[in-house]
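Peer 1: Structure file my_file00.cif (mmCIF, C-alpha atoms and all ligand atoms) right here:
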```
data_entry
#
loop_
_atom_site.label_atom_id
_atom_site.label_comp_id
_atom_site.auth_asym_id
_atom_site.auth_seq_id
_atom_site.Cartn_x
_atom_site.Cartn_y
_atom_site.Cartn_z
CA MET A 1 -17.23 1.31 6.16
CA GLN A 2 -17.39 -0.43 2.85
CA THR A 3 -14.96 -3.26 2.07
CA LEU A 4 -13.10 -3.23 -1.23
CA ASN A 5 -14.87 -6.39 -2.35
CA LYS A 6 -18.24 -4.82 -1.69
CA TYR A 7 -17.24 -1.68 -3.61
CA LEU A 8 -16.01 -3.73 -6.60
CA LYS A 9 -19.13 -5.86 -6.59
CA ASN A 10 -21.28 -2.71 -6.73
CA GLU A 11 -19.20 -0.99 -9.39
CA TYR A 12 -18.12 -3.91 -11.57
CA GLY A 13 -20.53 -6.66 -10.59
CA ARG A 14 -17.65 -8.98 -9.77
CA LYS A 15 -14.48 -9.40 -7.77
CA LEU A 16 -11.29 -7.95 -9.26
CA TYR A 17 -7.87 -9.33 -8.39
CA LYS A 18 -4.77 -7.30 -7.62
CA LEU A 19 -1.61 -8.08 -9.57
CA ALA A 20 1.26 -6.73 -7.48
CA LEU A 21 4.10 -5.53 -9.73
CA ASP A 22 7.68 -4.56 -8.96
CA ALA A 23 8.70 -2.29 -11.83
CA GLY A 24 12.18 -1.69 -10.44
CA PHE A 25 11.66 1.76 -8.98
CA SER A 26 13.84 2.94 -6.12
CA CYS A 27 12.82 5.12 -3.19
CA PRO A 28 14.22 8.56 -2.38
CA ASN A 29 14.19 7.57 1.28
CA ARG A 30 16.57 4.73 0.53
CA ASP A 31 18.80 5.93 -2.31
CA GLY A 32 20.08 9.03 -0.52
CA PHE A 33 17.91 11.67 -2.24
CA ILE A 34 16.05 12.17 1.07
CA SER A 35 17.89 9.66 3.20
CA TYR A 36 19.60 6.28 3.21
CA GLY A 37 18.14 3.25 4.90
CA GLY A 38 14.45 4.05 4.36
CA CYS A 39 11.61 3.59 6.82
CA SER A 40 12.86 1.30 9.57
CA PHE A 41 10.05 -1.28 9.09
CA CYS A 42 10.57 -1.52 5.31
CA SER A 43 11.78 -4.86 3.98
CA GLU A 44 14.48 -5.45 1.40
CA ALA A 45 11.72 -5.76 -1.19
CA GLY A 46 10.56 -2.19 -0.54
CA SER A 47 7.27 -3.27 1.07
CA GLY A 48 6.43 -5.36 -1.98
CA ASP A 49 7.32 -8.83 -0.75
CA PHE A 50 4.76 -10.60 -2.93
CA ALA A 51 5.15 -8.47 -6.05
CA GLU A 52 5.87 -9.90 -9.49
CA SER A 53 9.39 -8.94 -10.48
CA ASN A 54 11.87 -9.77 -13.18
CA LEU A 55 14.68 -8.18 -11.20
CA SER A 56 17.37 -9.49 -8.94
CA ALA A 57 16.65 -9.14 -5.23
CA ASN A 58 19.79 -7.10 -4.83
CA GLU A 59 18.74 -3.46 -4.33
CA THR A 60 21.93 -2.01 -5.80
CA SER A 61 21.25 -3.69 -9.15
CA ARG A 62 17.66 -2.41 -9.45
CA SER A 63 16.65 -0.51 -12.54
CA ILE A 64 13.27 0.48 -13.90
CA VAL A 65 11.83 -2.07 -16.32
CA SER A 66 10.87 -1.24 -19.87
CA SER A 67 7.23 -0.83 -20.91
CA THR A 68 7.65 -3.96 -23.06
CA ASP A 69 8.23 -5.97 -19.85
CA ILE A 70 4.85 -5.03 -18.41
CA PRO A 71 2.68 -7.54 -20.38
CA ASP A 72 4.97 -10.41 -19.28
CA MET A 73 4.87 -9.25 -15.68
CA ILE A 74 1.07 -9.11 -15.84
CA GLU A 75 0.95 -12.62 -17.35
CA ASN A 76 3.29 -14.04 -14.70
CA ALA A 77 1.34 -12.41 -11.88
CA LYS A 78 -1.90 -13.83 -13.34
CA THR A 79 -0.39 -17.32 -13.50
CA ARG A 80 0.70 -17.04 -9.89
CA LEU A 81 -2.81 -15.98 -8.87
CA SER A 82 -4.53 -18.65 -10.93
CA LYS A 83 -3.36 -21.27 -8.41
CA LYS A 84 -5.69 -19.64 -5.89
CA PHE A 85 -8.46 -17.94 -7.90
CA ARG A 86 -10.48 -18.57 -11.03
CA PRO A 87 -11.65 -15.25 -12.43
CA THR A 88 -14.45 -15.08 -15.04
CA GLU A 89 -13.12 -15.71 -18.54
CA GLY A 90 -12.98 -12.88 -21.04
CA GLU A 91 -13.36 -9.92 -18.68
CA ALA A 92 -10.87 -7.35 -17.45
CA ASN A 93 -10.59 -8.88 -14.02
CA TYR A 94 -7.43 -7.35 -12.65
CA ILE A 95 -6.03 -4.31 -10.89
CA ALA A 96 -2.44 -3.59 -11.96
CA TYR A 97 -0.79 -2.58 -8.71
CA PHE A 98 2.60 -0.89 -8.88
CA GLN A 99 3.48 -1.81 -5.34
CA SER A 100 7.19 -2.04 -4.54
CA PHE A 101 9.22 1.00 -3.47
CA THR A 102 8.09 4.46 -4.78
CA ASN A 103 6.22 4.08 -8.04
CA THR A 104 6.15 7.74 -9.09
CA TYR A 105 9.89 8.24 -8.52
CA ALA A 106 11.05 8.62 -12.14
CA PRO A 107 10.80 11.17 -14.96
CA VAL A 108 7.19 11.67 -16.05
CA ASP A 109 7.87 10.34 -19.59
CA LYS A 110 9.08 7.06 -18.11
CA LEU A 111 6.05 6.89 -15.81
CA ARG A 112 3.75 7.47 -18.78
CA GLU A 113 5.36 4.61 -20.71
CA LEU A 114 4.91 2.12 -17.87
CA TYR A 115 1.45 3.22 -16.74
CA GLU A 116 0.13 3.24 -20.32
CA ALA A 117 1.44 -0.27 -20.91
CA ALA A 118 -0.48 -1.43 -17.83
CA ILE A 119 -3.70 0.56 -18.21
CA ASN A 120 -4.12 -0.32 -21.90
CA HIS A 121 -3.68 -4.04 -21.27
CA PRO A 122 -7.04 -5.73 -22.01
CA ASP A 123 -7.06 -7.70 -18.73
CA ILE A 124 -6.61 -4.59 -16.58
CA ALA A 125 -9.66 -2.78 -15.19
CA ILE A 126 -7.92 -0.42 -12.74
CA LEU A 127 -4.41 0.94 -12.23
CA SER A 128 -3.23 1.42 -8.65
CA ILE A 129 0.04 3.19 -7.84
CA ALA A 130 1.75 3.15 -4.44
CA THR A 131 3.96 6.11 -3.63
CA ARG A 132 5.10 8.69 -1.08
CA PRO A 133 3.21 11.98 -0.72
CA ASP A 134 6.43 13.93 -1.39
CA CYS A 135 6.73 12.24 -4.80
CA VAL A 136 3.39 13.45 -6.14
CA SER A 137 4.31 16.53 -8.17
CA ASP A 138 1.74 18.53 -10.12
CA GLU A 139 3.23 17.01 -13.29
CA VAL A 140 2.56 13.50 -11.95
CA ILE A 141 -0.98 14.51 -11.01
CA SER A 142 -1.70 15.81 -14.49
CA LEU A 143 -0.47 12.54 -16.01
CA ILE A 144 -2.67 10.52 -13.64
CA LYS A 145 -5.62 12.80 -14.37
CA GLU A 146 -5.21 12.12 -18.09
CA LEU A 147 -4.94 8.33 -17.59
CA ASN A 148 -7.88 8.37 -15.22
CA LYS A 149 -10.04 9.12 -18.26
CA ILE A 150 -9.03 5.80 -19.85
CA LYS A 151 -9.64 3.64 -16.77
CA PRO A 152 -9.72 4.44 -13.05
CA VAL A 153 -6.34 5.18 -11.48
CA TRP A 154 -5.87 5.00 -7.72
CA ILE A 155 -2.98 6.53 -5.79
CA GLU A 156 -1.90 4.77 -2.60
CA LEU A 157 -0.07 6.99 -0.12
CA GLY A 158 2.04 5.62 2.73
CA LEU A 159 1.19 7.82 5.69
CA GLN A 160 1.38 5.28 8.55
CA THR A 161 0.83 7.85 11.32
CA ILE A 162 0.06 11.55 11.78
CA ARG A 163 2.47 11.77 14.73
CA ASP A 164 5.50 13.47 13.20
CA ASP A 165 7.73 12.51 16.14
CA ILE A 166 6.92 8.81 15.66
CA ALA A 167 7.31 9.21 11.89
CA SER A 168 10.74 10.68 12.36
CA SER A 169 11.71 7.86 14.73
CA PHE A 170 11.07 5.35 11.93
CA ASN A 171 12.58 7.73 9.34
CA ARG A 172 9.53 8.44 7.18
CA GLY A 173 11.31 11.46 5.76
CA TYR A 174 8.37 13.86 5.40
CA LYS A 175 5.94 15.72 7.62
CA THR A 176 2.21 15.01 7.86
CA GLU A 177 1.47 18.37 6.23
CA THR A 178 3.09 16.99 3.04
CA TYR A 179 0.53 14.17 3.06
CA ASP A 180 -2.29 16.68 3.61
CA ASP A 181 -1.10 18.77 0.68
CA ALA A 182 -0.83 15.76 -1.66
CA VAL A 183 -4.33 14.52 -0.74
CA ARG A 184 -5.83 17.98 -1.34
CA ARG A 185 -4.22 18.22 -4.80
CA LEU A 186 -5.20 14.66 -5.75
CA ASN A 187 -8.77 15.15 -4.53
CA LYS A 188 -8.98 18.38 -6.52
CA ALA A 189 -7.89 16.46 -9.64
CA GLY A 190 -10.61 13.86 -9.01
CA ILE A 191 -8.16 11.03 -8.31
CA LYS A 192 -9.04 8.41 -5.74
CA VAL A 193 -6.58 8.27 -2.83
CA ILE A 194 -6.01 5.26 -0.61
CA THR A 195 -4.08 5.98 2.57
CA HIS A 196 -1.91 3.37 4.24
CA VAL A 197 -1.90 3.41 8.05
CA ILE A 198 0.17 1.10 10.26
CA LEU A 199 -1.36 -0.04 13.54
CA GLY A 200 1.08 -1.01 16.28
CA LEU A 201 4.04 1.29 15.64
CA PRO A 202 6.39 1.52 18.66
CA ASN A 203 5.32 4.13 21.23
CA GLU A 204 1.89 4.73 19.68
CA SER A 205 -1.14 4.51 21.93
CA GLU A 206 -4.56 3.29 20.81
CA GLU A 207 -5.69 6.91 20.90
CA ASP A 208 -2.84 7.93 18.55
CA MET A 209 -3.83 5.26 16.05
CA LEU A 210 -7.48 6.26 16.11
CA LEU A 211 -6.49 9.92 15.70
CA THR A 212 -4.55 8.98 12.56
CA ILE A 213 -7.61 7.19 11.16
CA LYS A 214 -9.76 10.19 12.06
CA HIS A 215 -7.33 12.49 10.25
CA VAL A 216 -7.43 10.34 7.11
CA ILE A 217 -11.24 10.52 7.21
CA ASP A 218 -11.16 14.30 7.69
CA MET A 219 -8.79 14.67 4.73
CA LYS A 220 -11.39 12.88 2.60
CA SER A 221 -9.11 10.11 1.46
CA TRP A 222 -11.38 7.86 -0.64
CA GLY A 223 -9.96 4.65 0.82
CA ILE A 224 -7.87 3.40 3.70
CA LYS A 225 -5.61 0.41 4.25
CA LEU A 226 -5.09 -0.61 7.86
CA GLN A 227 -1.94 -2.63 8.16
CA LEU A 228 -0.90 -4.42 11.31
CA LEU A 229 2.78 -3.71 12.00
CA HIS A 230 4.79 -6.71 10.89
CA LEU A 231 8.25 -6.91 12.32
CA LEU A 232 10.33 -8.47 9.53
CA LYS A 233 13.77 -10.04 9.64
CA GLY A 234 16.54 -7.88 8.25
CA THR A 235 14.79 -4.55 8.92
CA ARG A 236 16.23 -1.83 11.15
CA MET A 237 13.12 -1.95 13.31
CA ALA A 238 13.71 -5.66 13.96
CA LYS A 239 17.22 -4.87 15.13
CA GLU A 240 15.92 -2.10 17.40
CA TYR A 241 13.35 -4.54 18.80
CA GLU A 242 16.04 -7.11 19.50
CA GLU A 243 18.10 -4.56 21.41
CA ASN A 244 15.19 -2.86 23.13
CA PRO A 245 11.88 -4.76 22.82
CA PHE A 246 8.74 -2.66 22.50
CA HIS A 247 5.09 -3.62 22.88
CA ILE A 248 3.65 -5.73 20.08
CA LEU A 249 -0.15 -5.58 19.71
CA THR A 250 -1.88 -8.70 20.96
CA PHE A 251 -4.67 -10.34 18.96
CA ASP A 252 -7.30 -8.93 21.34
CA GLU A 253 -5.82 -5.44 21.25
CA TYR A 254 -5.86 -5.52 17.47
CA LEU A 255 -9.47 -6.65 17.34
CA ASN A 256 -10.42 -3.96 19.79
CA LEU A 257 -8.76 -1.35 17.57
CA ILE A 258 -10.53 -2.62 14.46
CA SER A 259 -13.80 -2.48 16.30
CA LYS A 260 -13.20 1.16 17.31
CA ALA A 261 -12.05 2.02 13.77
CA ASN A 262 -15.23 0.43 12.44
CA GLU A 263 -17.27 2.84 14.57
CA ILE A 264 -15.63 5.95 13.13
CA ILE A 265 -15.00 5.03 9.48
CA PRO A 266 -17.87 6.45 7.41
CA ASP A 267 -20.06 4.17 5.28
CA ASP A 268 -18.74 5.52 2.00
CA MET A 269 -15.04 5.05 2.83
CA VAL A 270 -13.57 2.02 1.06
CA VAL A 271 -11.48 -0.16 3.35
CA HIS A 272 -8.88 -1.96 1.26
CA ARG A 273 -7.33 -3.92 4.08
CA LEU A 274 -7.91 -4.58 7.75
CA THR A 275 -4.84 -6.57 8.62
CA GLY A 276 -1.98 -7.35 6.22
CA ASP A 277 0.31 -10.04 5.00
CA GLY A 278 3.89 -10.45 6.13
CA PRO A 279 5.95 -13.15 4.45
CA ARG A 280 5.99 -16.04 6.93
CA SER A 281 9.69 -16.68 6.35
CA LEU A 282 10.56 -13.14 7.45
CA LEU A 283 8.00 -12.54 10.18
CA ILE A 284 9.33 -12.07 13.71
CA GLU A 285 6.19 -10.63 15.37
CA PRO A 286 3.24 -10.73 15.88
CA LYS A 287 3.23 -14.50 15.51
CA TRP A 288 -0.54 -14.69 15.98
CA SER A 289 -0.94 -12.95 12.61
CA THR A 290 0.15 -16.14 10.78
CA ASP A 291 -3.19 -17.75 11.67
CA LYS A 292 -4.92 -15.85 8.88
CA LYS A 293 -8.16 -17.79 9.06
CA ARG A 294 -8.66 -17.01 12.73
CA VAL A 295 -7.77 -13.33 12.20
CA LEU A 296 -10.08 -12.89 9.20
CA ASN A 297 -12.98 -14.70 10.87
CA ALA A 298 -12.69 -12.49 13.95
CA ILE A 299 -12.47 -9.31 11.82
CA ASN A 300 -15.44 -10.37 9.69
CA LYS A 301 -17.52 -10.81 12.83
CA ILE A 302 -16.73 -7.22 13.81
CA ILE A 303 -17.46 -5.56 10.48
CA ASN A 304 -20.50 -7.56 9.39
S1 LIG A 401 8.77 5.11 1.50
FE1 LIG A 401 8.01 3.03 1.11
S2 LIG A 401 9.63 2.02 -0.10
FE2 LIG A 401 10.50 3.89 0.78
S3 LIG A 401 11.51 3.19 2.64
FE3 LIG A 401 9.45 3.90 3.24
S4 LIG A 401 8.14 2.08 3.12
FE4 LIG A 401 10.04 1.58 2.04
#
```
As structure tokens, how would this structure be written, given the file I've shared?
Peer 2:
Amino acid sequence: MQTLNKYLKNEYGRKLYKLALDAGFSCPNRDGFISYGGCSFCSEAGSGDFAESNLSANETSRSIVSSTDIPDMIENAKTRLSKKFRPTEGEANYIAYFQSFTNTYAPVDKLRELYEAAINHPDIAILSIATRPDCVSDEVISLIKELNKIKPVWIELGLQTIRDDIASSFNRGYKTETYDDAVRRLNKAGIKVITHVILGLPNESEEDMLLTIKHVIDMKSWGIKLQLLHLLKGTRMAKEYEENPFHILTFDEYLNLISKANEIIPDDMVVHRLTGDGPRSLLIEPKWSTDKKRVLNAINKIIN
């Protein structure tokens, strides 16, 4: 496997920083187009709890921002990051990451407006767009293909698992074959795909999780994000857990999984994440994941 930092160092000669943006999109799995309620683990912020937003937290009052809002959002996200990092002056040091909810769920003209505002910003080196595989129409792909000529565009697909029965128990709202089809079409268009996988979903065995990773490799997804399941306050999954507790991965079980994943992930696959961040104020389990230093040190020992 190749970590994202290593990949960026090779390609750009430096570290790039992700600016997580909430552009006010909704999600068809939450607004009733596919279903109401969304995936049962998904937080109120649409899995974008750290994203820069100029919207109210109230989902019913969400609306897509205007392209003229994008430079301000980028600036605010940069200011937030500057407390932690000091990127090199004068270079395009950032990845604009449309993170929250489903970031291709709008008419293509609107998508073009927003994506162009981000990709043409002088501080942005890469555009990354998180979405659902059933929201990647051919029209969306041709827009991304066009923008990909300006600067690289990555598409991040939330797969989580290949077990359709588990996926339907957390209300993913599409079958694994829809993911396969989207990856094939994106690969054909030369667009880099990053697949999100959750480790620790209720009723999944270690073998199931490794089979999902294997499938993502076989589909030739360019990158993978392994995300430890975070049980967050206010989600349906948290309520289900309260009523009927299920197994939460222990620290050792997680490390063991990462070690097995490390054995099967090919050298050229870019690993964008090996754990994940849950907002501390919302996290119910696993509590061990709040000790980030310990987790990252242990993971680094495995992969290096
Ligand atoms: S598709 Fe994404 S935004 Fe929509 S409910 Fe599922 S996790 Fe949340």
Peer 1: If you measure from CA of Lys151 in chain A to CA of Ile95 in chain A, what distance in Å do you get, rounded to one decimal?
Peer 2: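 Atom-to-atom, CA of Lys151 in chain A to CA of Ile95 in chain A, that is 10.5 Å.
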Peer 1: Counting all atoms listed in the file, which protein, DNA or RNA residues come within 9 Å of ligand LIG 401 (chain A), given as an MDAnalysis selection string?
Peer 2: chainID A and resid 26:30 36:48 99:103 130:132 158 170:173
Peer 1: What separation in Å, quoted to one decimal, exists between CA of Leu283 in chain A and CA of Glu156 in chain A?
Peer 2: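 Taking CA of Leu283 in chain A as the start and CA of Glu156 in chain A as the end point, the length is 23.7 Å.
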Peer 1: I'd like the contact shell of Lys78 in chain A - 12 Å cut-off, only C-alpha atoms, skipping same-chain residues fewer than 6 positions apart - returned as number ranges by chain.
Peer 2: A: 16-21, 51-52, 71-72, 84-87, 92-96, 123-124
Peer 1: Show me as a list of chain:residue names the residues that reach within 10 Å of (3.7, 5.6, 19.6), counting all atoms listed in the file and using the file's own coordinates.
Peer 2: A:Thr161, A:Arg163, A:Asp165, A:Ile166, A:Ala167, A:Ser169, A:Leu199, A:Gly200, A:Leu201, A:Pro202, A:Asn203, A:Glu204, A:Ser205, A:Glu206, A:Glu207, A:Asp208, A:Met209, A:His247
Peer 1: Using C-alpha atoms, can you export the residues from the last selection as an mmCIF file, in the coordinates of the input?
Peer 2:
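Saved the output as out32.cif:
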```cif
data_model
loop_
_atom_site.group_PDB
_atom_site.id
_atom_site.type_symbol
_atom_site.label_atom_id
_atom_site.label_comp_id
_atom_site.auth_asym_id
_atom_site.auth_seq_id
_atom_site.Cartn_x
_atom_site.Cartn_y
_atom_site.Cartn_z
ATOM 1 C CA THR A 161 0.830 7.850 11.320
ATOM 2 C CA ARG A 163 2.470 11.770 14.730
ATOM 3 C CA ASP A 165 7.730 12.510 16.140
ATOM 4 C CA ILE A 166 6.920 8.810 15.660
ATOM 5 C CA ALA A 167 7.310 9.210 11.890
ATOM 6 C CA SER A 169 11.710 7.860 14.730
ATOM 7 C CA LEU A 199 -1.360 -0.040 13.540
ATOM 8 C CA GLY A 200 1.080 -1.010 16.280
ATOM 9 C CA LEU A 201 4.040 1.290 15.640
ATOM 10 C CA PRO A 202 6.390 1.520 18.660
ATOM 11 C CA ASN A 203 5.320 4.130 21.230
ATOM 12 C CA GLU A 204 1.890 4.730 19.680
ATOM 13 C CA SER A 205 -1.140 4.510 21.930
ATOM 14 C CA GLU A 206 -4.560 3.290 20.810
ATOM 15 C CA GLU A 207 -5.690 6.910 20.900
ATOM 16 C CA ASP A 208 -2.840 7.930 18.550
ATOM 17 C CA MET A 209 -3.830 5.260 16.050
ATOM 18 C CA HIS A 247 5.090 -3.620 22.880
#
```
Peer 1: Could you please determine the separation between CA of Ile191 in chain A and CA of Glu146 in chain A in Å, to one decimal place?
Peer 2: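 Spanning CA of Ile191 in chain A to CA of Glu146 in chain A is a straight-line distance of 10.3 Å.
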Peer 1: Step by step: start from the point (-0.7, -14.7, 16.6) in the file's coordinates, keep every protein, DNA or RNA residue that has an atom no farther than 12 Å from it, count all atoms listed in the file, and write the set as number ranges by chain.
Peer 2: A: 228, 230, 248-255, 280, 283-295
Peer 1: Of the candidates A:Tyr115, A:Phe33, A:Tyr105, A:Tyr12, which one gets nearest to Ile70 in chain A if we count all atoms listed in the file?
Peer 2: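 For Ile70 in chain A, the nearest of the candidates is A:Tyr115.
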Peer 1: So which one's closest to Ile129 in chain A, A:Thr104, A:Thr212, A:Ser63, A:Asn300? Using only C-alpha atoms, please.
Peer 2: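 The closest residue to Ile129 in chain A is A:Thr104.
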Peer 1: Tell me, as a list in words, which residues lie within 12 Å of Glu116 in chain A, counting all atoms listed in the file; anything in the same chain fewer than 5 positions away does not count.
Peer 2: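 In the requested form, the answer reads Ser66, Ser67, Thr68, Ile70, Pro71, Ala96, Val108, Asp109, Lys110, Leu111, His121, Pro122, Ile124, Ile126, Leu127, Leu143, Ile144, Glu146, Leu147, Asn148, Lys149, Ile150, Lys151 and Val153 of chain A.
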Peer 1: Given 3 Å of margin on each side, can you work out the centre and size in Å (one decimal) of an axis-aligned box holding every listed atom of range 86-104 of chain A, as AutoDock Vina command-line options?
Peer 2:
```
--center_x -2.6 --center_y -5.4 --center_z -12.3 --size_x 29.7 --size_y 32.3 --size_z 23.6
```
Peer 1: If we count all atoms listed in the file and set the cut-off at 9 Å, which residues sit around Ile217 in chain A, ignoring sequence neighbours fewer than 5 positions away in its own chain? Please answer as number ranges by chain.
Peer 2: A: 212, 222-224, 264-266, 269
Peer 1: Given the choices A:Ala118, A:Leu257, A:Ala77, A:Ala106, which gets closest to Leu274 in chain A if the distance is worked out from all atoms listed in the file?
Peer 2: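 Checking each of A:Ala118, A:Leu257, A:Ala77, A:Ala106 against Leu274 in chain A, counting all atoms listed in the file, the winner is A:Leu257.
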Peer 1: Which residue out of A:Leu114, A:Met237, A:Leu157, A:Ala298 has the minimum interatomic distance to Thr176 in chain A when all atoms listed in the file are used?
Peer 2: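 Comparing A:Leu114, A:Met237, A:Leu157, A:Ala298 against Thr176 in chain A, the winner is A:Leu157.
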Peer 1: Within 12 Å of Leu186 in chain A, counting only C-alpha atoms, which residues show up once you throw out same-chain ones fewer than 5 positions away? Write them as a ChimeraX atom specification, please.
Peer 2: /A:133,136-145,148,153-157,179-181,191-194,219-222
Peer 1: Keeping just N, CA and C atoms, export range 168-180 of chain A of this structure as a PDB file, in the first residue's frame.
Peer 2:
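Result written to decode_5.pdb:
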```pdb
ATOM      1  N   SER A 168     -28.366  -3.369   3.482  1.00  0.00           N
ATOM      2  CA  SER A 168     -29.777  -3.003   3.598  1.00  0.00           C
ATOM      3  C   SER A 168     -30.178  -2.864   5.064  1.00  0.00           C
ATOM      4  N   SER A 169     -29.449  -3.528   5.973  1.00  0.00           N
ATOM      5  CA  SER A 169     -29.798  -3.343   7.394  1.00  0.00           C
ATOM      6  C   SER A 169     -29.412  -1.938   7.877  1.00  0.00           C
ATOM      7  N   PHE A 170     -28.404  -1.307   7.254  1.00  0.00           N
ATOM      8  CA  PHE A 170     -28.139   0.080   7.671  1.00  0.00           C
ATOM      9  C   PHE A 170     -28.712   1.087   6.666  1.00  0.00           C
ATOM     10  N   ASN A 171     -29.524   0.558   5.720  1.00  0.00           N
ATOM     11  CA  ASN A 171     -30.250   1.423   4.774  1.00  0.00           C
ATOM     12  C   ASN A 171     -29.339   2.191   3.812  1.00  0.00           C
ATOM     13  N   ARG A 172     -28.418   1.467   3.170  1.00  0.00           N
ATOM     14  CA  ARG A 172     -27.543   2.127   2.196  1.00  0.00           C
ATOM     15  C   ARG A 172     -28.326   2.593   0.972  1.00  0.00           C
ATOM     16  N   GLY A 173     -29.331   1.798   0.600  1.00  0.00           N
ATOM     17  CA  GLY A 173     -30.206   2.254  -0.489  1.00  0.00           C
ATOM     18  C   GLY A 173     -29.745   1.920  -1.894  1.00  0.00           C
ATOM     19  N   TYR A 174     -28.692   1.141  -2.044  1.00  0.00           N
ATOM     20  CA  TYR A 174     -28.317   0.651  -3.380  1.00  0.00           C
ATOM     21  C   TYR A 174     -27.573  -0.673  -3.220  1.00  0.00           C
ATOM     22  N   LYS A 175     -27.526  -1.422  -4.335  1.00  0.00           N
ATOM     23  CA  LYS A 175     -26.849  -2.721  -4.288  1.00  0.00           C
ATOM     24  C   LYS A 175     -25.379  -2.564  -4.699  1.00  0.00           C
ATOM     25  N   THR A 176     -24.565  -3.537  -4.298  1.00  0.00           N
ATOM     26  CA  THR A 176     -23.131  -3.471  -4.608  1.00  0.00           C
ATOM     27  C   THR A 176     -22.887  -3.398  -6.118  1.00  0.00           C
ATOM     28  N   GLU A 177     -23.785  -4.001  -6.904  1.00  0.00           N
ATOM     29  CA  GLU A 177     -23.567  -3.964  -8.362  1.00  0.00           C
ATOM     30  C   GLU A 177     -23.630  -2.517  -8.886  1.00  0.00           C
ATOM     31  N   THR A 178     -24.342  -1.639  -8.174  1.00  0.00           N
ATOM     32  CA  THR A 178     -24.396  -0.223  -8.586  1.00  0.00           C
ATOM     33  C   THR A 178     -23.020   0.418  -8.380  1.00  0.00           C
ATOM     34  N   TYR A 179     -22.370   0.051  -7.277  1.00  0.00           N
ATOM     35  CA  TYR A 179     -20.990   0.535  -7.035  1.00  0.00           C
ATOM     36  C   TYR A 179     -20.081   0.040  -8.154  1.00  0.00           C
ATOM     37  N   ASP A 180     -20.185  -1.268  -8.459  1.00  0.00           N
ATOM     38  CA  ASP A 180     -19.306  -1.852  -9.487  1.00  0.00           C
ATOM     39  C   ASP A 180     -19.466  -1.105 -10.814  1.00  0.00           C
TER      40      ASP A 180
END
```
